[in-house]
>>> print(open('upload_35.pdb').read())   # PDB, C-alpha atoms, pLDDT in the B column
MODEL        1
ATOM      1  CA  MET A   1     -19.673  -0.252  -8.218  1.00 93.00           C
ATOM      2  CA  ILE A   2     -16.699  -2.404  -7.219  1.00 96.00           C
ATOM      3  CA  LEU A   3     -15.610  -2.198  -3.595  1.00 97.00           C
ATOM      4  CA  LEU A   4     -11.817  -2.533  -3.340  1.00 97.00           C
ATOM      5  CA  ILE A   5     -10.333  -3.436   0.034  1.00 97.00           C
ATOM      6  CA  ASP A   6      -6.589  -3.394   0.748  1.00 96.00           C
ATOM      7  CA  ILE A   7      -5.933  -4.744   4.253  1.00 95.00           C
ATOM      8  CA  GLY A   8      -2.566  -3.735   5.678  1.00 92.00           C
ATOM      9  CA  ASN A   9      -1.066  -4.185   9.117  1.00 91.00           C
ATOM     10  CA  THR A  10      -1.803  -0.602  10.153  1.00 90.00           C
ATOM     11  CA  THR A  11      -4.556   0.670   7.869  1.00 91.00           C
ATOM     12  CA  ILE A  12      -7.204  -0.633   5.478  1.00 94.00           C
ATOM     13  CA  GLY A  13      -7.479   1.144   2.144  1.00 94.00           C
ATOM     14  CA  ILE A  14     -10.992   1.358   0.696  1.00 95.00           C
ATOM     15  CA  GLY A  15     -11.609   2.220  -2.950  1.00 95.00           C
ATOM     16  CA  LEU A  16     -14.823   2.665  -4.917  1.00 96.00           C
ATOM     17  CA  ALA A  17     -14.415   1.859  -8.597  1.00 95.00           C
ATOM     18  CA  PHE A  18     -16.847   2.630 -11.371  1.00 93.00           C
ATOM     19  CA  GLY A  19     -15.705   0.826 -14.502  1.00 90.00           C
ATOM     20  CA  ASN A  20     -11.940   1.283 -14.751  1.00 89.00           C
ATOM     21  CA  GLU A  21     -11.785   4.397 -12.609  1.00 92.00           C
ATOM     22  CA  ILE A  22     -11.369   4.640  -8.846  1.00 95.00           C
ATOM     23  CA  LYS A  23     -13.565   7.566  -7.872  1.00 92.00           C
ATOM     24  CA  MET A  24     -13.204   7.667  -4.089  1.00 92.00           C
ATOM     25  CA  THR A  25     -10.823   6.336  -1.456  1.00 94.00           C
ATOM     26  CA  TYR A  26     -10.980   6.035   2.318  1.00 93.00           C
ATOM     27  CA  ARG A  27      -8.839   4.634   5.135  1.00 92.00           C
ATOM     28  CA  LEU A  28      -9.775   2.661   8.219  1.00 93.00           C
ATOM     29  CA  THR A  29      -7.535   1.574  11.084  1.00 92.00           C
ATOM     30  CA  THR A  30      -6.682  -2.127  11.076  1.00 93.00           C
ATOM     31  CA  ASN A  31      -7.900  -3.779  14.265  1.00 93.00           C
ATOM     32  CA  THR A  32      -7.675  -7.562  14.558  1.00 92.00           C
ATOM     33  CA  SER A  33     -10.105  -7.597  17.496  1.00 92.00           C
ATOM     34  CA  LYS A  34     -12.884  -5.893  15.531  1.00 93.00           C
ATOM     35  CA  SER A  35     -15.805  -8.076  14.442  1.00 94.00           C
ATOM     36  CA  PHE A  36     -17.052  -8.150  10.858  1.00 93.00           C
ATOM     37  CA  ASP A  37     -20.226  -6.382  12.041  1.00 93.00           C
ATOM     38  CA  GLU A  38     -18.135  -3.515  13.418  1.00 94.00           C
ATOM     39  CA  TYR A  39     -16.220  -3.213  10.161  1.00 95.00           C
ATOM     40  CA  TYR A  40     -19.514  -3.119   8.270  1.00 93.00           C
ATOM     41  CA  VAL A  41     -20.788  -0.286  10.442  1.00 93.00           C
ATOM     42  CA  ALA A  42     -17.603   1.659   9.623  1.00 92.00           C
ATOM     43  CA  ILE A  43     -17.934   0.986   5.880  1.00 93.00           C
ATOM     44  CA  LYS A  44     -21.639   1.736   5.520  1.00 89.00           C
ATOM     45  CA  ASP A  45     -21.031   5.215   6.913  1.00 88.00           C
ATOM     46  CA  LEU A  46     -18.651   5.860   4.004  1.00 90.00           C
ATOM     47  CA  ILE A  47     -20.355   4.339   0.965  1.00 89.00           C
ATOM     48  CA  LYS A  48     -23.735   3.591  -0.553  1.00 89.00           C
ATOM     49  CA  VAL A  49     -23.793  -0.120   0.157  1.00 88.00           C
ATOM     50  CA  GLU A  50     -26.726  -0.766  -2.180  1.00 89.00           C
ATOM     51  CA  GLU A  51     -24.554   0.270  -5.156  1.00 92.00           C
ATOM     52  CA  VAL A  52     -21.861  -2.366  -4.532  1.00 94.00           C
ATOM     53  CA  THR A  53     -21.948  -5.040  -7.244  1.00 94.00           C
ATOM     54  CA  ASP A  54     -18.696  -6.857  -6.442  1.00 95.00           C
ATOM     55  CA  ILE A  55     -15.826  -6.881  -3.947  1.00 96.00           C
ATOM     56  CA  ALA A  56     -12.085  -7.515  -4.336  1.00 97.00           C
ATOM     57  CA  ILE A  57      -9.720  -7.948  -1.390  1.00 97.00           C
ATOM     58  CA  SER A  58      -5.953  -7.783  -1.010  1.00 96.00           C
ATOM     59  CA  SER A  59      -4.699  -8.588   2.476  1.00 94.00           C
ATOM     60  CA  VAL A  60      -1.616  -9.323   4.557  1.00 93.00           C
ATOM     61  CA  VAL A  61      -3.631  -9.856   7.759  1.00 94.00           C
ATOM     62  CA  PRO A  62      -5.439 -13.246   7.571  1.00 92.00           C
ATOM     63  CA  ARG A  63      -7.634 -12.651  10.629  1.00 94.00           C
ATOM     64  CA  VAL A  64      -9.007  -9.417   9.198  1.00 95.00           C
ATOM     65  CA  THR A  65      -9.415 -11.076   5.799  1.00 95.00           C
ATOM     66  CA  GLU A  66     -11.808 -13.532   7.419  1.00 95.00           C
ATOM     67  CA  SER A  67     -13.854 -10.660   8.841  1.00 95.00           C
ATOM     68  CA  PHE A  68     -14.210  -9.017   5.436  1.00 96.00           C
ATOM     69  CA  VAL A  69     -15.143 -12.276   3.749  1.00 96.00           C
ATOM     70  CA  LYS A  70     -17.915 -12.770   6.342  1.00 95.00           C
ATOM     71  CA  LEU A  71     -18.958  -9.131   5.918  1.00 95.00           C
ATOM     72  CA  SER A  72     -19.115  -9.513   2.131  1.00 95.00           C
ATOM     73  CA  LYS A  73     -21.259 -12.622   2.277  1.00 95.00           C
ATOM     74  CA  LYS A  74     -23.631 -11.509   5.044  1.00 94.00           C
ATOM     75  CA  PHE A  75     -24.281  -7.870   4.148  1.00 94.00           C
ATOM     76  CA  PHE A  76     -23.606  -7.771   0.398  1.00 94.00           C
ATOM     77  CA  ASN A  77     -24.413 -11.380  -0.552  1.00 94.00           C
ATOM     78  CA  ILE A  78     -21.150 -11.392  -2.496  1.00 94.00           C
ATOM     79  CA  ASN A  79     -18.358 -13.965  -2.536  1.00 94.00           C
ATOM     80  CA  PRO A  80     -15.350 -11.617  -2.837  1.00 95.00           C
ATOM     81  CA  LEU A  81     -12.300 -12.043  -5.012  1.00 95.00           C
ATOM     82  CA  ILE A  82      -9.226 -12.492  -2.791  1.00 95.00           C
ATOM     83  CA  VAL A  83      -5.713 -12.078  -4.178  1.00 94.00           C
ATOM     84  CA  ALA A  84      -4.075 -15.397  -3.327  1.00 89.00           C
ATOM     85  CA  GLN A  85      -2.235 -18.327  -4.862  1.00 84.00           C
ATOM     86  CA  GLY A  86      -3.972 -19.227  -8.115  1.00 84.00           C
ATOM     87  CA  THR A  87      -5.412 -15.759  -8.720  1.00 90.00           C
ATOM     88  CA  LYS A  88      -4.688 -14.382 -12.180  1.00 92.00           C
ATOM     89  CA  THR A  89      -2.607 -11.249 -11.665  1.00 91.00           C
ATOM     90  CA  GLY A  90      -0.782 -10.634 -14.934  1.00 89.00           C
ATOM     91  CA  ILE A  91       2.436 -10.371 -12.897  1.00 90.00           C
ATOM     92  CA  ASN A  92       5.348 -12.802 -13.039  1.00 88.00           C
ATOM     93  CA  ILE A  93       7.411 -13.235  -9.881  1.00 88.00           C
ATOM     94  CA  LYS A  94      11.139 -13.841 -10.319  1.00 83.00           C
ATOM     95  CA  THR A  95      12.170 -14.606  -6.745  1.00 79.00           C
ATOM     96  CA  GLU A  96      13.577 -17.629  -4.919  1.00 79.00           C
ATOM     97  CA  ASN A  97      10.182 -18.416  -3.370  1.00 80.00           C
ATOM     98  CA  PRO A  98       7.283 -16.717  -5.226  1.00 76.00           C
ATOM     99  CA  LYS A  99       4.798 -17.980  -2.600  1.00 80.00           C
ATOM    100  CA  GLU A 100       6.409 -15.633  -0.065  1.00 81.00           C
ATOM    101  CA  VAL A 101       5.527 -12.521  -2.068  1.00 87.00           C
ATOM    102  CA  GLY A 102       2.640 -10.727  -0.358  1.00 88.00           C
ATOM    103  CA  ALA A 103      -0.588  -9.669  -2.020  1.00 91.00           C
ATOM    104  CA  ASP A 104       0.278  -6.015  -1.419  1.00 92.00           C
ATOM    105  CA  LEU A 105       3.499  -6.322  -3.429  1.00 94.00           C
ATOM    106  CA  ILE A 106       1.682  -8.064  -6.266  1.00 94.00           C
ATOM    107  CA  CYS A 107      -1.011  -5.388  -6.328  1.00 95.00           C
ATOM    108  CA  ASP A 108       1.658  -2.682  -6.354  1.00 95.00           C
ATOM    109  CA  ALA A 109       3.221  -4.272  -9.435  1.00 94.00           C
ATOM    110  CA  ALA A 110      -0.174  -4.769 -11.070  1.00 94.00           C
ATOM    111  CA  GLY A 111      -0.952  -1.098 -10.457  1.00 94.00           C
ATOM    112  CA  ILE A 112       1.650  -0.001 -13.005  1.00 90.00           C
ATOM    113  CA  VAL A 113       1.264  -2.962 -15.360  1.00 75.00           C
ATOM    114  CA  ASP A 114       0.597  -0.676 -18.332  1.00 71.00           C
ATOM    115  CA  ASN A 115       4.046   0.864 -17.915  1.00 68.00           C
ATOM    116  CA  VAL A 116       6.577  -1.189 -19.879  1.00 68.00           C
ATOM    117  CA  SER A 117       9.598   0.701 -18.531  1.00 78.00           C
ATOM    118  CA  ALA A 118      11.789  -0.669 -15.778  1.00 91.00           C
ATOM    119  CA  SER A 119      10.169   0.718 -12.634  1.00 94.00           C
ATOM    120  CA  LEU A 120      10.633   0.921  -8.898  1.00 96.00           C
ATOM    121  CA  ILE A 121       7.592   1.233  -6.648  1.00 97.00           C
ATOM    122  CA  ILE A 122       8.269   2.521  -3.148  1.00 97.00           C
ATOM    123  CA  ASP A 123       5.337   1.768  -0.860  1.00 96.00           C
ATOM    124  CA  LEU A 124       5.494   3.497   2.525  1.00 95.00           C
ATOM    125  CA  GLY A 125       3.290   1.497   4.851  1.00 90.00           C
ATOM    126  CA  THR A 126       3.926  -0.370   8.096  1.00 89.00           C
ATOM    127  CA  ALA A 127       7.034  -1.529   6.262  1.00 93.00           C
ATOM    128  CA  ILE A 128       8.688   0.362   3.417  1.00 95.00           C
ATOM    129  CA  LYS A 129       8.699  -1.838   0.331  1.00 96.00           C
ATOM    130  CA  TYR A 130      10.866  -1.257  -2.725  1.00 97.00           C
ATOM    131  CA  ILE A 131       9.515  -3.346  -5.616  1.00 96.00           C
ATOM    132  CA  TYR A 132      11.532  -3.603  -8.836  1.00 95.00           C
ATOM    133  CA  VAL A 133       9.310  -4.345 -11.825  1.00 94.00           C
ATOM    134  CA  LYS A 134      10.288  -4.838 -15.462  1.00 91.00           C
ATOM    135  CA  ASP A 135       8.272  -6.413 -18.282  1.00 89.00           C
ATOM    136  CA  LYS A 136       5.412  -7.221 -15.871  1.00 90.00           C
ATOM    137  CA  THR A 137       7.840  -9.161 -13.673  1.00 91.00           C
ATOM    138  CA  ILE A 138       8.825  -8.559 -10.047  1.00 93.00           C
ATOM    139  CA  GLY A 139      12.588  -8.917 -10.150  1.00 91.00           C
ATOM    140  CA  GLY A 140      13.458  -8.101  -6.564  1.00 93.00           C
ATOM    141  CA  VAL A 141      12.233  -6.416  -3.391  1.00 94.00           C
ATOM    142  CA  ILE A 142      13.672  -4.533  -0.412  1.00 95.00           C
ATOM    143  CA  ILE A 143      11.734  -4.371   2.861  1.00 95.00           C
ATOM    144  CA  SER A 144      12.728  -1.986   5.647  1.00 95.00           C
ATOM    145  CA  PRO A 145      10.985  -0.741   8.824  1.00 93.00           C
ATOM    146  CA  GLY A 146       8.251   1.793   8.168  1.00 91.00           C
ATOM    147  CA  ILE A 147       7.964   5.235   9.727  1.00 90.00           C
ATOM    148  CA  GLY A 148       5.457   4.153  12.390  1.00 88.00           C
ATOM    149  CA  VAL A 149       7.615   1.170  13.328  1.00 90.00           C
ATOM    150  CA  ALA A 150      10.677   3.413  13.588  1.00 89.00           C
ATOM    151  CA  VAL A 151       8.877   5.879  15.863  1.00 89.00           C
ATOM    152  CA  LYS A 152       7.668   3.088  18.172  1.00 88.00           C
ATOM    153  CA  ALA A 153      11.136   1.536  18.335  1.00 89.00           C
ATOM    154  CA  LEU A 154      12.775   4.886  19.086  1.00 86.00           C
ATOM    155  CA  VAL A 155      10.301   5.889  21.794  1.00 86.00           C
ATOM    156  CA  GLY A 156       9.979   2.402  23.268  1.00 84.00           C
ATOM    157  CA  SER A 157      13.726   1.820  23.499  1.00 83.00           C
ATOM    158  CA  THR A 158      14.649   5.100  25.158  1.00 84.00           C
ATOM    159  CA  ALA A 159      13.776   6.410  28.610  1.00 80.00           C
ATOM    160  CA  LEU A 160      13.674  10.136  27.935  1.00 76.00           C
ATOM    161  CA  LEU A 161      12.486  10.538  24.331  1.00 80.00           C
ATOM    162  CA  PRO A 162       8.797  11.488  24.006  1.00 83.00           C
ATOM    163  CA  ASP A 163       6.194  10.131  21.631  1.00 83.00           C
ATOM    164  CA  ILE A 164       5.868  12.367  18.566  1.00 83.00           C
ATOM    165  CA  ASP A 165       3.598  13.147  15.650  1.00 84.00           C
ATOM    166  CA  VAL A 166       5.041  12.416  12.228  1.00 86.00           C
ATOM    167  CA  LEU A 167       5.628  15.872  10.782  1.00 89.00           C
ATOM    168  CA  VAL A 168       8.390  17.244   8.560  1.00 93.00           C
ATOM    169  CA  PRO A 169      10.269  19.974  10.462  1.00 92.00           C
ATOM    170  CA  LYS A 170      11.392  23.129   8.678  1.00 92.00           C
ATOM    171  CA  ASN A 171      15.092  22.385   9.165  1.00 94.00           C
ATOM    172  CA  VAL A 172      17.071  19.153   8.946  1.00 95.00           C
ATOM    173  CA  LEU A 173      19.036  20.083  12.052  1.00 96.00           C
ATOM    174  CA  GLY A 174      16.669  20.320  14.997  1.00 91.00           C
ATOM    175  CA  THR A 175      17.030  22.599  18.000  1.00 92.00           C
ATOM    176  CA  ASN A 176      14.619  20.788  20.334  1.00 93.00           C
ATOM    177  CA  THR A 177      14.009  17.123  21.092  1.00 90.00           C
ATOM    178  CA  VAL A 178      10.757  16.750  19.148  1.00 91.00           C
ATOM    179  CA  ALA A 179      12.114  18.473  16.028  1.00 93.00           C
ATOM    180  CA  CYS A 180      15.315  16.405  16.239  1.00 92.00           C
ATOM    181  CA  MET A 181      13.296  13.176  16.320  1.00 90.00           C
ATOM    182  CA  GLN A 182      10.945  14.307  13.562  1.00 92.00           C
ATOM    183  CA  SER A 183      13.919  15.177  11.387  1.00 94.00           C
ATOM    184  CA  GLY A 184      15.542  11.811  11.953  1.00 93.00           C
ATOM    185  CA  ILE A 185      12.336   9.977  11.075  1.00 92.00           C
ATOM    186  CA  THR A 186      11.279  11.998   8.012  1.00 94.00           C
ATOM    187  CA  TYR A 187      14.518  13.265   6.476  1.00 96.00           C
ATOM    188  CA  GLY A 188      16.165   9.997   7.479  1.00 95.00           C
ATOM    189  CA  THR A 189      13.547   8.039   5.556  1.00 96.00           C
ATOM    190  CA  ALA A 190      13.905  10.369   2.559  1.00 97.00           C
ATOM    191  CA  ALA A 191      17.689   9.902   2.597  1.00 97.00           C
ATOM    192  CA  GLN A 192      17.246   6.127   2.811  1.00 97.00           C
ATOM    193  CA  ILE A 193      14.943   6.237  -0.211  1.00 97.00           C
ATOM    194  CA  ASP A 194      17.321   8.383  -2.269  1.00 97.00           C
ATOM    195  CA  GLY A 195      20.282   6.195  -1.331  1.00 97.00           C
ATOM    196  CA  LEU A 196      18.599   2.880  -2.086  1.00 97.00           C
ATOM    197  CA  ILE A 197      17.291   4.148  -5.423  1.00 97.00           C
ATOM    198  CA  GLU A 198      20.874   4.884  -6.487  1.00 96.00           C
ATOM    199  CA  ARG A 199      22.072   1.455  -5.335  1.00 96.00           C
ATOM    200  CA  ILE A 200      19.196  -0.264  -7.144  1.00 96.00           C
ATOM    201  CA  LYS A 201      19.941   1.673 -10.355  1.00 95.00           C
ATOM    202  CA  GLU A 202      23.561   0.502 -10.168  1.00 94.00           C
ATOM    203  CA  GLU A 203      22.581  -3.113  -9.525  1.00 95.00           C
ATOM    204  CA  VAL A 204      20.003  -3.394 -12.322  1.00 92.00           C
ATOM    205  CA  LYS A 205      22.062  -1.141 -14.638  1.00 90.00           C
ATOM    206  CA  GLN A 206      19.030   1.058 -15.278  1.00 85.00           C
ATOM    207  CA  GLU A 207      19.805   4.748 -14.896  1.00 84.00           C
ATOM    208  CA  ASP A 208      16.442   5.755 -16.386  1.00 87.00           C
ATOM    209  CA  LEU A 209      14.516   3.760 -13.767  1.00 92.00           C
ATOM    210  CA  LYS A 210      10.982   5.103 -13.377  1.00 93.00           C
ATOM    211  CA  VAL A 211      10.216   5.657  -9.677  1.00 95.00           C
ATOM    212  CA  TYR A 212       6.759   5.669  -8.069  1.00 96.00           C
ATOM    213  CA  ILE A 213       5.967   6.693  -4.490  1.00 97.00           C
ATOM    214  CA  THR A 214       2.827   5.397  -2.789  1.00 95.00           C
ATOM    215  CA  GLY A 215       1.507   4.217   0.583  1.00 91.00           C
ATOM    216  CA  GLY A 216      -0.132   5.673   3.662  1.00 84.00           C
ATOM    217  CA  LEU A 217       2.684   8.017   4.738  1.00 85.00           C
ATOM    218  CA  SER A 218       4.042   8.786   1.280  1.00 91.00           C
ATOM    219  CA  SER A 219       2.491  12.272   1.233  1.00 90.00           C
ATOM    220  CA  PHE A 220       4.883  13.332   4.020  1.00 89.00           C
ATOM    221  CA  ILE A 221       8.014  11.945   2.386  1.00 94.00           C
ATOM    222  CA  TYR A 222       7.465  12.565  -1.325  1.00 95.00           C
ATOM    223  CA  PRO A 223       8.082  16.353  -1.128  1.00 95.00           C
ATOM    224  CA  ILE A 224      11.454  15.913   0.586  1.00 96.00           C
ATOM    225  CA  ILE A 225      13.087  13.199  -1.523  1.00 96.00           C
ATOM    226  CA  LYS A 226      15.640  14.407  -4.068  1.00 96.00           C
ATOM    227  CA  THR A 227      15.017  11.756  -6.705  1.00 95.00           C
ATOM    228  CA  LYS A 228      12.543  12.515  -9.482  1.00 95.00           C
ATOM    229  CA  ALA A 229       9.478  10.354  -8.823  1.00 95.00           C
ATOM    230  CA  ILE A 230       5.764  10.009  -9.552  1.00 95.00           C
ATOM    231  CA  TYR A 231       3.425  10.297  -6.575  1.00 95.00           C
ATOM    232  CA  ASP A 232       0.348   8.061  -6.782  1.00 94.00           C
ATOM    233  CA  SER A 233      -1.556   7.165  -3.613  1.00 92.00           C
ATOM    234  CA  LYS A 234      -3.805   4.680  -5.440  1.00 94.00           C
ATOM    235  CA  ILE A 235      -1.288   2.222  -6.915  1.00 95.00           C
ATOM    236  CA  VAL A 236      -2.306  -0.773  -4.759  1.00 95.00           C
ATOM    237  CA  LEU A 237      -6.015  -0.160  -5.366  1.00 96.00           C
ATOM    238  CA  LYS A 238      -5.397   0.275  -9.103  1.00 96.00           C
ATOM    239  CA  GLY A 239      -3.533  -3.022  -9.095  1.00 95.00           C
ATOM    240  CA  LEU A 240      -6.340  -4.713  -7.190  1.00 96.00           C
ATOM    241  CA  LEU A 241      -8.839  -3.392  -9.734  1.00 96.00           C
ATOM    242  CA  ASN A 242      -6.710  -4.657 -12.633  1.00 95.00           C
ATOM    243  CA  ILE A 243      -6.521  -8.078 -10.984  1.00 95.00           C
ATOM    244  CA  TYR A 244     -10.277  -8.052 -10.421  1.00 95.00           C
ATOM    245  CA  TYR A 245     -10.908  -7.618 -14.135  1.00 94.00           C
ATOM    246  CA  LYS A 246      -8.500 -10.427 -14.995  1.00 92.00           C
ATOM    247  CA  ASN A 247     -10.598 -12.726 -12.800  1.00 93.00           C
ATOM    248  CA  GLN A 248     -14.029 -11.286 -13.587  1.00 83.00           C
ATOM    249  CA  ARG A 249     -16.625 -13.951 -13.148  1.00 60.00           C
TER     250      ARG A 249
ENDMDL
END
>>> encode(input="upload_35.pdb", output="structure tokens")
Amino acid sequence: MILLIDIGNTTIGIGLAFGNEIKMTYRLTTNTSKSFDEYYVAIKDLIKVEEVTDIAISSVVPRVTESFVKLSKKFFNINPLIVAQGTKTGINIKTENPKEVGADLICDAAGIVDNVSASLIIDLGTAIKYIYVKDKTIGGVIISPGIGVAVKALVGSTALLPDIDVLVPKNVLGTNTVACMQSGITYGTAAQIDGLIERIKEEVKQEDLKVYITGGLSSFIYPIIKTKAIYDSKIVLKGLLNIYYKNQR
């Protein structure tokens, strides 16, 4: 069993892969103050640790990466694969500075590597990432504030607006403060997604662009976007698994 770990700024995605198939997934909260022992306690309650044969890690939080490397070596006696410079990914990066492209973006692209069509992956995490991929090449990216970031900014910058749960209200036009805020966050994000997809299609001259929706909060937004898209919550983990096999030792 291959333990897949995707460390984001807000959550940590955990995947258990048997062969080429990811059978189970879990999420933990990212906490930079947590020790590697504490992370192990959280993981061992979710999986059968004795079945883990290898570990692959994608991360955008270096401090937490260190914890999982220590965890892997101490409790699993495994030196994990980490997606970094020099790792074989099967993905070309056509940007001004390829070294700036995060492991999460690379794993997103690697997660649909079998699709030869021009594609756009929209990953709703701490930030919302729009990754344009064609012929196994990342051709451009958009990064905008994520839903959680938007909520914190809205609540933290206003004196009278309350903290809210991220829920999709029944109507776009709200009739109370909470519903008004929830509408702005959810329907506003959906409108942003629909609008940027159209602009990207115009720029790359690709009307038949294949669109994928993924990420921690994608399940809230996918049902309310107007653009035809494929929902797949496992794209990053699938990409990490594909990269693992390209570097299998």
>>> closest_residue(input="upload_35.pdb", among="A:Thr126, A:Asn92, A:Asn79, A:Ser119", to="Gly8 in chain A", atoms="only C-alpha atoms")
A:Thr126
>>> residues_near_point(input="upload_35.pdb", point="(-13.6, 7.3, -7.3)", cutoff="12 Å", atoms="all atoms listed in the file", output="list in words")
Met1, Ile2, Leu3, Leu4, Ile14, Gly15, Leu16, Ala17, Phe18, Gly19, Asn20, Glu21, Ile22, Lys23, Met24, Thr25, Tyr26, Ile47, Lys234, Leu237, Lys238 and Leu241 of chain A
>>> resolve_selection(input="upload_35.pdb", expression="the PyMOL selection byres ((chain A and resi 132-139) around 6)", output="PyMOL selection string")
chain A and resi 91-94+113+116+118-120+131+140
>>> resolve_selection(input="upload_35.pdb", expression="the PyMOL selection byres ((chain A and resi 102) around 10)", output="PyMOL selection string")
chain A and resi 58-60+83-84+98-101+103-107
>>> resolve_selection(input="upload_35.pdb", expression="the PyMOL selection byres ((chain A and resi 192-197) around 10)", output="mmCIF file with C-alpha atoms, in the frame of the given file")
data_model
loop_
_atom_site.group_PDB
_atom_site.id
_atom_site.type_symbol
_atom_site.label_atom_id
_atom_site.label_comp_id
_atom_site.auth_asym_id
_atom_site.auth_seq_id
_atom_site.Cartn_x
_atom_site.Cartn_y
_atom_site.Cartn_z
ATOM 1 C CA LEU A 120 10.633 0.921 -8.898
ATOM 2 C CA ILE A 122 8.269 2.521 -3.148
ATOM 3 C CA ILE A 128 8.688 0.362 3.417
ATOM 4 C CA TYR A 130 10.866 -1.257 -2.725
ATOM 5 C CA ILE A 142 13.672 -4.533 -0.412
ATOM 6 C CA SER A 144 12.728 -1.986 5.647
ATOM 7 C CA THR A 186 11.279 11.998 8.012
ATOM 8 C CA TYR A 187 14.518 13.265 6.476
ATOM 9 C CA GLY A 188 16.165 9.997 7.479
ATOM 10 C CA THR A 189 13.547 8.039 5.556
ATOM 11 C CA ALA A 190 13.905 10.369 2.559
ATOM 12 C CA ALA A 191 17.689 9.902 2.597
ATOM 13 C CA GLU A 198 20.874 4.884 -6.487
ATOM 14 C CA ARG A 199 22.072 1.455 -5.335
ATOM 15 C CA ILE A 200 19.196 -0.264 -7.144
ATOM 16 C CA LYS A 201 19.941 1.673 -10.355
ATOM 17 C CA GLU A 202 23.561 0.502 -10.168
ATOM 18 C CA GLU A 203 22.581 -3.113 -9.525
ATOM 19 C CA GLU A 207 19.805 4.748 -14.896
ATOM 20 C CA LEU A 209 14.516 3.760 -13.767
ATOM 21 C CA VAL A 211 10.216 5.657 -9.677
ATOM 22 C CA ILE A 213 5.967 6.693 -4.490
ATOM 23 C CA ILE A 221 8.014 11.945 2.386
ATOM 24 C CA TYR A 222 7.465 12.565 -1.325
ATOM 25 C CA ILE A 224 11.454 15.913 0.586
ATOM 26 C CA ILE A 225 13.087 13.199 -1.523
ATOM 27 C CA LYS A 226 15.640 14.407 -4.068
ATOM 28 C CA THR A 227 15.017 11.756 -6.705
ATOM 29 C CA LYS A 228 12.543 12.515 -9.482
#
>>> closest_residue(input="upload_35.pdb", among="A:Arg63, A:Lys152, A:Lys48, A:Lys88", to="Ser35 in chain A", atoms="all atoms listed in the file")
A:Arg63
>>> atom_distance(input="upload_35.pdb", atom1="CA of Phe76 in chain A", atom2="CA of Tyr244 in chain A")
17.2 Å
>>> axis_aligned_box(input="upload_35.pdb", around="range 239-247 of chain A", padding_each_side="8 Å", output="lines of an AutoDock Vina configuration file")
center_x = -7.2
center_y = -7.9
center_z = -11.1
size_x = 23.4
size_y = 25.7
size_z = 23.8
>>> atom_distance(input="upload_35.pdb", atom1="CA of Leu217 in chain A", atom2="CA of Leu124 in chain A")
5.8 Å
>>> atom_distance(input="upload_35.pdb", atom1="CA of Thr30 in chain A", atom2="CA of Ile7 in chain A")
7.3 Å
>>> closest_residue(input="upload_35.pdb", among="A:Ser233, A:Phe75, A:Met181, A:Leu81", to="Glu50 in chain A", atoms="only C-alpha atoms")
A:Phe75
>>> closest_residue(input="upload_35.pdb", among="A:Thr177, A:Asn77, A:Ser218, A:Thr53", to="Ile230 in chain A", atoms="all atoms listed in the file")
A:Ser218
>>> residues_near_point(input="upload_35.pdb", point="(4.4, 0.9, -8.4)", cutoff="7 Å", atoms="only C-alpha atoms", output="ChimeraX atom specification")
/A:108-109,111-112,120-122,212,235
>>> residues_around(input="upload_35.pdb", residues="Ser67 in chain A", least_positions_apart="5", cutoff="12 Å", atoms="only C-alpha atoms", output="list in words")
Ile5, Ile7, Thr30, Asn31, Thr32, Ser33, Lys34, Ser35, Phe36, Asp37, Glu38, Tyr39, Tyr40, Ile57, Ser59, Val61, Pro62, Ser72, Lys73, Lys74, Phe75 and Pro80 of chain A
>>> residues_around(input="upload_35.pdb", residues="Gly174 in chain A", least_positions_apart="4", cutoff="12 Å", atoms="all atoms listed in the file", output="PyMOL selection string")
chain A and resi 168-170+178-185+187
>>> closest_residue(input="upload_35.pdb", among="A:Phe68, A:Val172, A:Val151, A:Gly216", to="Arg27 in chain A", atoms="only C-alpha atoms")
A:Gly216
>>> decode(input="upload_35.pdb", residues="range 184-192 of chain A", atoms="N, CA and C atoms", output="tab-separated table (two decimals), in the first residue's frame")
chain	number	residue	atom	x	y	z
A	184	GLY	N	-22.54	35.79	-1.56
A	184	GLY	CA	-21.39	36.48	-2.15
A	184	GLY	C	-20.18	35.57	-2.26
A	185	ILE	N	-19.95	34.75	-1.22
A	185	ILE	CA	-18.80	33.86	-1.22
A	185	ILE	C	-18.96	32.71	-2.21
A	186	THR	N	-20.11	32.04	-2.19
A	186	THR	CA	-20.29	30.84	-3.01
A	186	THR	C	-20.67	31.16	-4.45
A	187	TYR	N	-21.77	31.90	-4.63
A	187	TYR	CA	-22.16	32.26	-5.99
A	187	TYR	C	-21.14	33.20	-6.63
A	188	GLY	N	-20.50	34.02	-5.80
A	188	GLY	CA	-19.45	34.89	-6.32
A	188	GLY	C	-18.27	34.10	-6.86
A	189	THR	N	-17.89	33.06	-6.12
A	189	THR	CA	-16.80	32.19	-6.59
A	189	THR	C	-17.21	31.46	-7.86
A	190	ALA	N	-18.44	30.96	-7.90
A	190	ALA	CA	-18.93	30.26	-9.10
A	190	ALA	C	-18.92	31.18	-10.31
A	191	ALA	N	-19.35	32.43	-10.11
A	191	ALA	CA	-19.36	33.40	-11.22
A	191	ALA	C	-17.94	33.71	-11.68
A	192	GLN	N	-17.02	33.83	-10.71
A	192	GLN	CA	-15.62	34.04	-11.07
A	192	GLN	C	-15.10	32.89	-11.93
